[in-house]
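> Can you keep this structure in mind? I'll have questions shortly.
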Amino acid sequence: MNQDQHVDYLLRLGDNALILGHRLSEWCGHAPILEEDIALTNVALDLIGQARMLLTQAGAVEGKGRDEDALAFGRDVLDWRNVLLVEQPNGDFADTIARQFLFDIWNHQVFSTLLGSTDAELAAIAAKAVKEIAYHKRHSSEWLIRLGDGTEESRARMIRALDVHWGFVEELFTPDAVDQAAFEAGIGPDLAALRPEWDAAVAAVLDEAGLERPEVGWAVHGGKTDGHHSEHLGFILAELQFMQRAYPGLAW
Amino acid sequence: MSDATLDSKGGAGPAVADDPKRRAAFDARVAAEGKVEPRDWMPEQYRKTLIRQISQHAHSEYVGMLPEGNWVTRAPTLRRKAVLLAKIQDEAGHALYLYGAAETMGVSRAEMLDALHEGKAKYSSIFNYPTLTWADVAAIGWLVDGAAIVNQVALQRCSYGPYARAMVRICKEESFHQRQGYEAMMALAQGSPDQKKMAQDSLNRWWWPSLMMFGPSDRDSPHSAQNMAWKIKRESNDDLRQRFVDMTVPQADYLGLTMPDPDLKWNEERGHYDFGEIDWDEFWRVVKGNGVCNRERLQARRDAHDKGAWVREAAVAHAEKRAARSLAQAAE
Ligand SMILES: [Fe+2]
Ligand SMILES: [Fe+2]
């Protein structure tokens, strides 16, 4: 794996965490119940903390003096490497839970593998992150079950939300050249090989929620490989980067 | 604050009618610094006052998430974003302890929230001011949390045990809030001309409302005497306000910022800073609903509550189904 690919791989992980953390932070003060203001903020904080470590490591491997903030605030849409799933809007609480659940199950698999990464710094980050992600997975699974097996309304909303997000799952498991190189270098997992375990884990939770696996006839890709994102990312960046764009080069 | 009208539903208290003997014993115990616990007999007026005060305090923590939450997605660095989120999360935690403390007096969180949403219960008026720039986040931490600490340290000695204990826990976190705000303000005050301008402007806008957080002047504060005797309130509004001024003026000096008060000066004789007259018309205007953000803040709380109704119903329905299933299983 060449250095560019290594940086790119770390950016994928860091960007996933930052964009999803940012999305969750939008709930702060607006959650359905006070306890969820706290819980969603907890998850957001974990993800932003992980993003900071991952982007710092990406900058270190790159060796051009870019720190976490230079990477977070200085890149435009085409240079972001997150998957499309995490940039989708919060929608209603069922949408947020669907997005989180599908991602958490995958993310936990990925970070469990990263514990043994040949990038020692990445392995150390994973050791901290994997415990946090285990909590995220529990939180989103529990809500998926509550909503699926709650009222008629919550069940209908949960089914719709899973349909809306299901087509973003394929991108998680479709390796491109960078994923392949990371796998061969012992840095990252064999993505395609993670799928059966993911299917089983998701099926178990859906079953407990009394829900069926969605049948949708679409799947989209593009965020992680080409920076070809959905329209949402531009607006996220407009907010995320506003201060650094309006007042470049200052210390805060 | 002393301006709400939430009445106790009066359900859970062990005693209903005030009887003079118990009242005398209660007064004596409180006078001797004894703590009042949820199961103890207490005068109805004591219960009402505390429910009003604690629920308002809880609402203030809850609504107070909004003005700072306004900057979470725009924080200038990832570190600032994380610190701000952690701080707002603490405020949610404070709301949670405080709703819990009020519930010990026999009022439910749902009732308290209804009173908030119907505009019957107040929250601190400071949160009706807008956060226009990043410096406002710094100013809130420095000044608003700073003022809250002065108030809350005094309340650690409140006669009602659950409230006093909640304050001990909360005060530890508030001092982190105040420090992070001051530190963020320091970065601005030592920064570029743009940053200094935003810092000074935010101090100009937040200074007087922060002084108003201590409530009306002692001259116009009718409930104070009884509340002092019952040790619900431990120090007068004006004394607390003076302490805040004395504590904060040197901090502003150190930042190199100018207080927006031409009458502010050290009084050697009193050993305190003298300061100008608060614009009480503005205070009452904002309390009565005419601040820039009153309607938005309340609407944001109502919207979150209304949009979340189906989620809360689902959680209850699921818990009931689960309980029914495990009951059925146990019967097999
Ligand atoms: Fe607080
Ligand atoms: Fe605070």
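Labels used: A, B, ... for chains in the order of the structure tokens, numbers from 1 for residues in each chain, and numbers from 1 for ligands as shown.
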Apply DSSP to the structure's backbone, then extract all residues of segment 57-302 of chain B labelled alpha helix (DSSP H) and return them as a ChimeraX atom specification.

/B:57-63,65-69,78-103,109-117,134-139,145-155,161-189,193-212,224-229,237-255,280-287,294-302

> Output as a list in words the set of chain B residues within 6 Å of chain A, with distances taken over only C-alpha atoms.

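Filtering chain B at 6 Å from chain A with only C-alpha atoms gives Met65, Leu66, Thr73, Arg74, Pro76, Gln89, Ala187, Ala304, His305, Gly308, Ala314, Ala315, Ala317 and His318 of chain B.
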
> Please produce an output containing N, CA and C atoms for each residue in the selection, written as a PDB file, in the first residue's frame.


```pdb
ATOM      1  N   MET B  65     -29.769  24.708  26.935  1.00  0.00           N
ATOM      2  CA  MET B  65     -29.023  23.951  25.924  1.00  0.00           C
ATOM      3  C   MET B  65     -29.139  24.605  24.543  1.00  0.00           C
ATOM      4  N   LEU B  66     -30.205  25.366  24.339  1.00  0.00           N
ATOM      5  CA  LEU B  66     -30.494  25.851  22.981  1.00  0.00           C
ATOM      6  C   LEU B  66     -29.537  26.945  22.478  1.00  0.00           C
ATOM      7  N   THR B  73     -22.679  22.985  15.725  1.00  0.00           N
ATOM      8  CA  THR B  73     -22.298  22.561  14.371  1.00  0.00           C
ATOM      9  C   THR B  73     -21.322  23.538  13.724  1.00  0.00           C
ATOM     10  N   ARG B  74     -21.077  24.692  14.368  1.00  0.00           N
ATOM     11  CA  ARG B  74     -20.193  25.698  13.764  1.00  0.00           C
ATOM     12  C   ARG B  74     -18.973  26.014  14.611  1.00  0.00           C
ATOM     13  N   PRO B  76     -15.344  26.469  16.004  1.00  0.00           N
ATOM     14  CA  PRO B  76     -14.219  26.759  15.113  1.00  0.00           C
ATOM     15  C   PRO B  76     -13.126  25.689  15.052  1.00  0.00           C
ATOM     16  N   GLN B  89     -24.022  18.714  27.216  1.00  0.00           N
ATOM     17  CA  GLN B  89     -24.481  17.432  27.756  1.00  0.00           C
ATOM     18  C   GLN B  89     -24.577  17.492  29.282  1.00  0.00           C
ATOM     19  N   ALA B 187      -8.724  33.245  24.363  1.00  0.00           N
ATOM     20  CA  ALA B 187      -8.194  33.038  23.012  1.00  0.00           C
ATOM     21  C   ALA B 187      -8.645  34.175  22.093  1.00  0.00           C
ATOM     22  N   ALA B 304     -39.716  19.865  19.981  1.00  0.00           N
ATOM     23  CA  ALA B 304     -38.979  18.647  20.311  1.00  0.00           C
ATOM     24  C   ALA B 304     -39.894  17.687  21.066  1.00  0.00           C
ATOM     25  N   HIS B 305     -40.687  18.254  21.975  1.00  0.00           N
ATOM     26  CA  HIS B 305     -41.579  17.434  22.780  1.00  0.00           C
ATOM     27  C   HIS B 305     -42.670  16.800  21.909  1.00  0.00           C
ATOM     28  N   GLY B 308     -41.385  14.256  19.507  1.00  0.00           N
ATOM     29  CA  GLY B 308     -40.884  13.072  20.202  1.00  0.00           C
ATOM     30  C   GLY B 308     -41.983  12.230  20.832  1.00  0.00           C
ATOM     31  N   ALA B 314     -43.867   4.804  22.036  1.00  0.00           N
ATOM     32  CA  ALA B 314     -43.345   3.509  21.598  1.00  0.00           C
ATOM     33  C   ALA B 314     -42.539   2.852  22.717  1.00  0.00           C
ATOM     34  N   ALA B 315     -41.740   3.665  23.414  1.00  0.00           N
ATOM     35  CA  ALA B 315     -40.908   3.104  24.490  1.00  0.00           C
ATOM     36  C   ALA B 315     -41.795   2.523  25.589  1.00  0.00           C
ATOM     37  N   ALA B 317     -44.988   1.507  25.233  1.00  0.00           N
ATOM     38  CA  ALA B 317     -45.706   0.338  24.695  1.00  0.00           C
ATOM     39  C   ALA B 317     -44.788  -0.882  24.664  1.00  0.00           C
ATOM     40  N   HIS B 318     -43.538  -0.666  24.260  1.00  0.00           N
ATOM     41  CA  HIS B 318     -42.611  -1.789  24.197  1.00  0.00           C
ATOM     42  C   HIS B 318     -42.327  -2.347  25.594  1.00  0.00           C
TER      43      HIS B 318
END
```

> Please list as a list in words every residue within 6 Å of Val168 of chain B, counting only C-alpha atoms and excluding residues in the same chain fewer than 3 positions away.

Gln156, Arg165 and Cys171 of chain B

> Could you write out that same residue set with N, CA and C atoms as a PDB file, in the first residue's frame?


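As a result, out.pdb now contains:
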```pdb
ATOM      1  N   GLN B 156     -26.213  25.184  47.758  1.00  0.00           N
ATOM      2  CA  GLN B 156     -25.724  23.926  48.337  1.00  0.00           C
ATOM      3  C   GLN B 156     -26.127  23.821  49.802  1.00  0.00           C
ATOM      4  N   ARG B 165     -28.226  18.594  47.656  1.00  0.00           N
ATOM      5  CA  ARG B 165     -27.290  17.581  47.164  1.00  0.00           C
ATOM      6  C   ARG B 165     -27.119  17.665  45.647  1.00  0.00           C
ATOM      7  N   CYS B 171     -22.441  21.922  40.965  1.00  0.00           N
ATOM      8  CA  CYS B 171     -21.428  22.985  41.071  1.00  0.00           C
ATOM      9  C   CYS B 171     -20.056  22.531  40.574  1.00  0.00           C
TER      10      CYS B 171
END
```

> What residues have any atom no more than 10 Å from ligand 1 when counting only C-alpha atoms and all ligand atoms, and can you list them as JSON, numbers by chain?

{"B": [57, 58, 60, 61, 62, 64, 65, 87, 88, 89, 90, 91, 92, 93, 94, 95, 98, 144, 145, 148, 149, 152, 167, 170, 171, 172, 173, 174, 175, 177]}

> Which residue gives the smallest distance to ligand 2 among B:Leu143, B:Cys158, B:Leu211, B:Ala225, with only C-alpha atoms and all ligand atoms counted?

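For ligand 2, the nearest of the candidates is B:Leu143.
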
> Compile the contact shell of Leu102 of chain A as a ChimeraX atom specification: residues with an atom at most 10 Å away, counting only C-alpha atoms, same-chain residues fewer than 6 positions apart removed.

/A:85-86,137,140-141,162,165-166,168-169,172,198,202

> Just the selected residues (C-alpha atoms), exported as a short mmCIF file (atom, residue, chain, number, x, y, z; two decimals), in the first residue's frame, please.


```
data_model
loop_
_atom_site.label_atom_id
_atom_site.label_comp_id
_atom_site.auth_asym_id
_atom_site.auth_seq_id
_atom_site.Cartn_x
_atom_site.Cartn_y
_atom_site.Cartn_z
CA LEU A 85 -24.74 6.57 4.71
CA VAL A 86 -23.33 8.79 7.45
CA LYS A 137 -24.37 -0.62 18.80
CA SER A 140 -29.13 1.80 18.44
CA SER A 141 -30.14 -1.87 18.59
CA LEU A 162 -34.88 1.10 7.21
CA HIS A 165 -31.23 3.76 4.45
CA TRP A 166 -30.84 0.20 3.22
CA PHE A 168 -26.48 2.81 1.41
CA VAL A 169 -25.31 -0.44 2.98
CA LEU A 172 -19.86 -0.30 3.27
CA TRP A 198 -23.24 -8.36 9.49
CA VAL A 202 -28.74 -7.38 11.69
#
```

> State, in Å with one decimal place, the distance from atom CA of Gln242 of chain B to atom CA of Tyr254 of chain B.

19.0 Å

> Compile the contact shell of Val7 of chain A as an NGL selection string: residues with an atom at most 12 Å away, counting only C-alpha atoms, same-chain residues fewer than 4 positions apart removed.

:A and (1-3 or 11-15 or 54-64 or 66 or 71 or 79-81 or 119 or 122 or 178-179 or 181-182 or 187)

> Might you pull out every residue within 10 Å of Pro189 of chain A, with only C-alpha atoms counted and same-chain residues fewer than 6 positions away left off, and present them as a PyMOL selection string?

chain A and resi 109-114+116-117+175+179-180+182-183

> I'd like the neighbourhood of Thr133 of chain B as a PyMOL selection string, where a residue qualifies if any of its atoms comes within 9 Å (using only C-alpha atoms), though same-chain residues fewer than 2 positions away should be ignored.

chain B and resi 71+131+135-137+198-199+202

> With N, CA, C and O atoms kept, could you save the residues just selected as a PDB file, in the first residue's frame?


```pdb
ATOM      1  N   TRP B  71     -24.427  26.771  18.319  1.00  0.00           N
ATOM      2  CA  TRP B  71     -23.067  26.855  17.775  1.00  0.00           C
ATOM      3  C   TRP B  71     -22.348  25.521  17.694  1.00  0.00           C
ATOM      4  O   TRP B  71     -21.190  25.462  17.259  1.00  0.00           O
ATOM      5  N   THR B 131     -27.456  33.991  20.504  1.00  0.00           N
ATOM      6  CA  THR B 131     -26.004  33.798  20.355  1.00  0.00           C
ATOM      7  C   THR B 131     -25.639  34.124  18.909  1.00  0.00           C
ATOM      8  O   THR B 131     -25.870  33.332  18.007  1.00  0.00           O
ATOM      9  N   ALA B 135     -18.144  34.160  19.925  1.00  0.00           N
ATOM     10  CA  ALA B 135     -17.771  34.752  21.211  1.00  0.00           C
ATOM     11  C   ALA B 135     -18.903  34.630  22.227  1.00  0.00           C
ATOM     12  O   ALA B 135     -18.655  34.604  23.438  1.00  0.00           O
ATOM     13  N   ASP B 136     -20.130  34.540  21.755  1.00  0.00           N
ATOM     14  CA  ASP B 136     -21.251  34.417  22.688  1.00  0.00           C
ATOM     15  C   ASP B 136     -21.210  33.088  23.445  1.00  0.00           C
ATOM     16  O   ASP B 136     -21.662  32.998  24.585  1.00  0.00           O
ATOM     17  N   VAL B 137     -20.671  32.073  22.795  1.00  0.00           N
ATOM     18  CA  VAL B 137     -20.515  30.791  23.487  1.00  0.00           C
ATOM     19  C   VAL B 137     -19.502  30.951  24.623  1.00  0.00           C
ATOM     20  O   VAL B 137     -19.713  30.469  25.746  1.00  0.00           O
ATOM     21  N   MET B 198     -15.287  40.703  18.375  1.00  0.00           N
ATOM     22  CA  MET B 198     -16.392  39.801  18.741  1.00  0.00           C
ATOM     23  C   MET B 198     -16.434  39.551  20.239  1.00  0.00           C
ATOM     24  O   MET B 198     -17.512  39.471  20.836  1.00  0.00           O
ATOM     25  N   ALA B 199     -15.249  39.500  20.867  1.00  0.00           N
ATOM     26  CA  ALA B 199     -15.206  39.300  22.316  1.00  0.00           C
ATOM     27  C   ALA B 199     -15.827  40.497  23.037  1.00  0.00           C
ATOM     28  O   ALA B 199     -16.678  40.334  23.930  1.00  0.00           O
ATOM     29  N   SER B 202     -19.599  40.724  22.574  1.00  0.00           N
ATOM     30  CA  SER B 202     -20.379  39.751  23.350  1.00  0.00           C
ATOM     31  C   SER B 202     -20.405  40.141  24.827  1.00  0.00           C
ATOM     32  O   SER B 202     -21.436  39.996  25.480  1.00  0.00           O
TER      33      SER B 202
END
```

> Report the distance between atom CA of Gly291 of chain B and atom CA of Arg52 of chain B in Å, rounded to one decimal place.

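Interatomic distance here is 22.1 Å.
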
> Between B:Glu68, B:Glu320, B:Glu33, B:Asp306, single out the one closest to ligand 2, counting only C-alpha atoms and all ligand atoms.

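With only C-alpha atoms and all ligand atoms as the atom set, the closest residue is B:Glu68.
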
> To one decimal place, how far is atom CA of Arg241 of chain B from atom CA of Ala121 of chain B in Å?

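Result for atom CA of Arg241 of chain B versus atom CA of Ala121 of chain B: 23.6 Å, one decimal.
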
> Using only C-alpha atoms and all ligand atoms, can you tell me which of B:Trp134, B:Trp207, B:Tyr97, B:Trp142 comes closest to ligand 2?

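Of B:Trp134, B:Trp207, B:Tyr97, B:Trp142, the one nearest ligand 2, counting only C-alpha atoms and all ligand atoms, is B:Trp142.
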